[in-house]
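> Got a structure for you, written out below as structure tokens; questions coming shortly.
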Amino acid sequence: MVRRKLYLPALLGPLVAAVLMACAAAVVVSKEAEATFPGKNGRIANNSQGVIYTINPNGTGKFKVTNTRVGGYNIDYSPDGKKITYTSYEGFNDGNPTGPQKDTEIYTINVDGSAKTNVTNNDRGDEDSSYSPDGKRIAYAGWDGHDLEIYTIGVHGKNRVRLTNNATNDGYPDYSPNGKKIAAWSEKGQYIYTISVHGGGKSKVVKGSDPSYSPDGKRIAYTGRRFFERDSEIYTIDVNGRHRTKVTNNNATEYWPSYSPDDKKIAFIRGRGRNPDIYTKNVDSGGESKKVTGSRSIWSNPSWGSRA
């Protein structure tokens, strides 16, 4: 079985990107899940070619959080908007995600770039991190030697708890705002489900990927097709699997949704190859999508944080 470890081909050099793009249809792509908690709209964290940035929703005030190519994938804001958790390839194979499929780790960092902390520290791959609503724990997908399963761990790297034992290669965990549930994705069957934070109580929600809870906890935003598939669109759905609503309808490739803290907008990525950009759109499908970033850089992994 091929492990999910291709993030965005264009993040690499042009030659490697071309090869990976040719193989994209045969590779299951991994990304982050973005929890959003209620509050005033703050900045959008994102990744550009392995470096973490934050930016205002109107496209101004771009700030570089990390000065080196740390990997910087699976980005998620803490509930107070002061920290970011992410997956790092730092320390092996020069941060190259096409290298050996092992030993990626979960980190946290202050939004000003200080106090970088290694949360997981083992010889297996850990990815797809998401903060709990009290900011004390992180949910993530961990490699057990055969499959990716869902775990939670304290932000200081202690008290790891395994939630799933599905052997279905699960990922993209996303805490509900009340802290009682986690939404996640199953590679086998290509569907989103919810599960208790203590394990158990698994409930299938909808076919799709990239789950992101709304700040009120009533709905989940998601990508309607497998991540990075052509003509994928952004949808929302009630947590019980009812009342599906199509948010985007552009005949474009759109994925990685992240709710705004005020529950009114969704940030997402539009585009493939060398020109993906961050956009925002009203959740009620009204109005046009608004472009946040410029295509001269490669943008990915948006996470919309609360104002710190």
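Following the order of the structure tokens, chains are lettered A, B, ..., residues in each are numbered from 1, and ligands are numbered from 1.
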Could you name the residues that touch Ser203 in chain A at 10 Å or less, counting only C-alpha atoms, but leaving out those on the same chain fewer than 6 positions away, as a list in words?
Ala183, Ile192, Tyr193, Thr194, Ile195, Ser196, Val239, Asn240 and Gly241 of chain A
> As a list of chain:residue names, please: the residues near Val119 in chain A (cut-off 6 Å, only C-alpha atoms, same-chain neighbours under 3 positions excluded).
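So the residues in contact are A:Ile106, A:Tyr107, A:His156, A:Gly157.
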> Could you give me, as a ChimeraX atom specification, the residues within 9 Å of Lys264 in chain A, counting only C-alpha atoms and dropping anything in the same chain fewer than 2 positions from it?
/A:259-262,266,281-284
> Excluding range 134-139 of chain A and residues on its chain fewer than 5 positions from it, collect all residues at most 6 Å away from it, counting only C-alpha atoms, and give them as a list in words.
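Listing them by chain and then by number gives Ser129, Tyr151, Thr152, Ile153, Gly154 and Val155 of chain A.
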> Considering only C-alpha atoms, state which residue in the set A:Tyr86, A:Tyr172, A:Phe37, A:Tyr235 is at the smallest distance from Val51 in chain A.
A:Tyr86
> So that I can check the secondary structure, give me every residue of range 27-197 of chain A assigned strand (DSSP E or B) by backbone DSSP, as a PyMOL selection string.
chain A and resi 29+41-48+51-55+63-64+73-77+83-88+105-110+117-118+126-131+137-143+148-154+161-162+170-175+181-186+191-196
> Store the residues picked out above, limited to C-alpha atoms, as a PDB file, in the first residue's frame.

```
ATOM      1  CA  VAL A  29      -2.932  13.047  -1.500  1.00  0.00           C
ATOM      2  CA  ASN A  41     -11.996  36.952  12.119  1.00  0.00           C
ATOM      3  CA  GLY A  42      -8.221  37.070  12.259  1.00  0.00           C
ATOM      4  CA  ARG A  43      -5.537  36.129   9.773  1.00  0.00           C
ATOM      5  CA  ILE A  44      -5.248  33.152   7.455  1.00  0.00           C
ATOM      6  CA  ALA A  45      -2.261  30.869   7.986  1.00  0.00           C
ATOM      7  CA  ASN A  46      -0.929  29.095   4.932  1.00  0.00           C
ATOM      8  CA  ASN A  47       2.027  27.373   3.359  1.00  0.00           C
ATOM      9  CA  SER A  48       4.086  28.513   0.412  1.00  0.00           C
ATOM     10  CA  VAL A  51       7.438  28.094   4.518  1.00  0.00           C
ATOM     11  CA  ILE A  52       4.573  29.121   6.814  1.00  0.00           C
ATOM     12  CA  TYR A  53       2.986  32.552   6.351  1.00  0.00           C
ATOM     13  CA  THR A  54       0.013  34.429   7.725  1.00  0.00           C
ATOM     14  CA  ILE A  55      -1.961  36.990   5.735  1.00  0.00           C
ATOM     15  CA  PHE A  63       4.088  37.768   7.371  1.00  0.00           C
ATOM     16  CA  LYS A  64       6.668  34.965   7.277  1.00  0.00           C
ATOM     17  CA  TYR A  73       2.047  21.364   6.092  1.00  0.00           C
ATOM     18  CA  ASN A  74      -1.192  20.503   7.919  1.00  0.00           C
ATOM     19  CA  ILE A  75      -1.429  24.003   9.390  1.00  0.00           C
ATOM     20  CA  ASP A  76      -4.025  24.752  12.080  1.00  0.00           C
ATOM     21  CA  TYR A  77      -4.515  27.809  14.297  1.00  0.00           C
ATOM     22  CA  LYS A  83      -0.147  29.554  17.921  1.00  0.00           C
ATOM     23  CA  ILE A  84      -0.041  27.303  14.883  1.00  0.00           C
ATOM     24  CA  THR A  85       0.385  23.547  14.713  1.00  0.00           C
ATOM     25  CA  TYR A  86       1.860  21.943  11.610  1.00  0.00           C
ATOM     26  CA  THR A  87       3.555  18.865  10.166  1.00  0.00           C
ATOM     27  CA  SER A  88       7.290  19.169   9.583  1.00  0.00           C
ATOM     28  CA  GLU A 105       6.532  15.120  13.205  1.00  0.00           C
ATOM     29  CA  ILE A 106       3.952  17.499  14.688  1.00  0.00           C
ATOM     30  CA  TYR A 107       5.190  20.913  15.833  1.00  0.00           C
ATOM     31  CA  THR A 108       3.680  24.058  17.304  1.00  0.00           C
ATOM     32  CA  ILE A 109       4.976  27.603  16.912  1.00  0.00           C
ATOM     33  CA  ASN A 110       3.908  31.081  17.998  1.00  0.00           C
ATOM     34  CA  THR A 117       8.032  23.051  19.945  1.00  0.00           C
ATOM     35  CA  ASN A 118       8.352  19.439  18.799  1.00  0.00           C
ATOM     36  CA  ASP A 126       2.748  11.866  12.142  1.00  0.00           C
ATOM     37  CA  GLU A 127       0.650  14.421  10.226  1.00  0.00           C
ATOM     38  CA  ASP A 128      -2.722  16.224   9.839  1.00  0.00           C
ATOM     39  CA  SER A 129      -2.703  18.063  13.183  1.00  0.00           C
ATOM     40  CA  SER A 130      -5.694  19.930  14.665  1.00  0.00           C
ATOM     41  CA  TYR A 131      -6.068  21.834  17.958  1.00  0.00           C
ATOM     42  CA  ARG A 137      -4.532  18.753  22.973  1.00  0.00           C
ATOM     43  CA  ILE A 138      -3.851  18.061  19.317  1.00  0.00           C
ATOM     44  CA  ALA A 139      -5.527  15.450  17.129  1.00  0.00           C
ATOM     45  CA  TYR A 140      -3.415  13.963  14.357  1.00  0.00           C
ATOM     46  CA  ALA A 141      -2.978  10.991  12.043  1.00  0.00           C
ATOM     47  CA  GLY A 142      -0.183   8.660  13.106  1.00  0.00           C
ATOM     48  CA  TRP A 143       1.495   5.873  11.172  1.00  0.00           C
ATOM     49  CA  LEU A 148      -2.651   5.887   9.463  1.00  0.00           C
ATOM     50  CA  GLU A 149      -4.869   6.004  12.553  1.00  0.00           C
ATOM     51  CA  ILE A 150      -6.304   8.895  14.577  1.00  0.00           C
ATOM     52  CA  TYR A 151      -4.609   9.916  17.836  1.00  0.00           C
ATOM     53  CA  THR A 152      -4.746  12.796  20.279  1.00  0.00           C
ATOM     54  CA  ILE A 153      -1.824  14.077  22.345  1.00  0.00           C
ATOM     55  CA  GLY A 154      -1.142  16.871  24.839  1.00  0.00           C
ATOM     56  CA  VAL A 161      -4.397   8.390  23.120  1.00  0.00           C
ATOM     57  CA  ARG A 162      -5.254   6.208  20.120  1.00  0.00           C
ATOM     58  CA  ASP A 170      -7.626   7.501   8.238  1.00  0.00           C
ATOM     59  CA  GLY A 171      -6.630  11.142   8.427  1.00  0.00           C
ATOM     60  CA  TYR A 172      -7.583  14.831   8.419  1.00  0.00           C
ATOM     61  CA  PRO A 173      -8.892  14.881  12.035  1.00  0.00           C
ATOM     62  CA  ASP A 174     -10.747  18.050  13.027  1.00  0.00           C
ATOM     63  CA  TYR A 175     -12.039  18.809  16.531  1.00  0.00           C
ATOM     64  CA  LYS A 181     -16.251  14.900  18.565  1.00  0.00           C
ATOM     65  CA  ILE A 182     -13.585  14.672  15.906  1.00  0.00           C
ATOM     66  CA  ALA A 183     -14.378  14.635  12.201  1.00  0.00           C
ATOM     67  CA  ALA A 184     -11.989  12.571  10.086  1.00  0.00           C
ATOM     68  CA  TRP A 185     -11.610  10.967   6.666  1.00  0.00           C
ATOM     69  CA  SER A 186     -11.370   7.320   5.684  1.00  0.00           C
ATOM     70  CA  TYR A 191     -15.941   9.271   3.249  1.00  0.00           C
ATOM     71  CA  ILE A 192     -16.007  11.659   6.199  1.00  0.00           C
ATOM     72  CA  TYR A 193     -17.073  10.414   9.607  1.00  0.00           C
ATOM     73  CA  THR A 194     -17.268  11.661  13.201  1.00  0.00           C
ATOM     74  CA  ILE A 195     -15.994   9.864  16.281  1.00  0.00           C
ATOM     75  CA  SER A 196     -15.958  10.539  20.021  1.00  0.00           C
TER      76      SER A 196
END
```
> Could you tell me which of A:His146, A:Arg270, A:Arg307, A:Lys188 comes closest to Glu254 in chain A if we count only C-alpha atoms?
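Nearest to Glu254 in chain A: A:Arg270.
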> Could you tell me which of A:Gly50, A:Asn121, A:Lys82, A:Gly200 comes closest to Trp299 in chain A if we count only C-alpha atoms?
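Among the listed residues, the smallest separation from Trp299 in chain A belongs to A:Gly50.
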> Could you check how far CA of Ser300 in chain A sits from CA of Glu187 in chain A, in Å to one decimal?
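Spanning CA of Ser300 in chain A to CA of Glu187 in chain A is a straight-line distance of 21.0 Å.
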> Please report the interatomic distance between CA of Lys290 in chain A and CA of Gly39 in chain A in Å with one decimal.
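Between these atoms lies a distance of 21.2 Å.
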> Rank nothing, just name the residue among A:Asp231, A:Tyr222, A:Pro257, A:Thr248 nearest to Arg272 in chain A, using only C-alpha atoms.
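Smallest separation from Arg272 in chain A among the options: A:Asp231.
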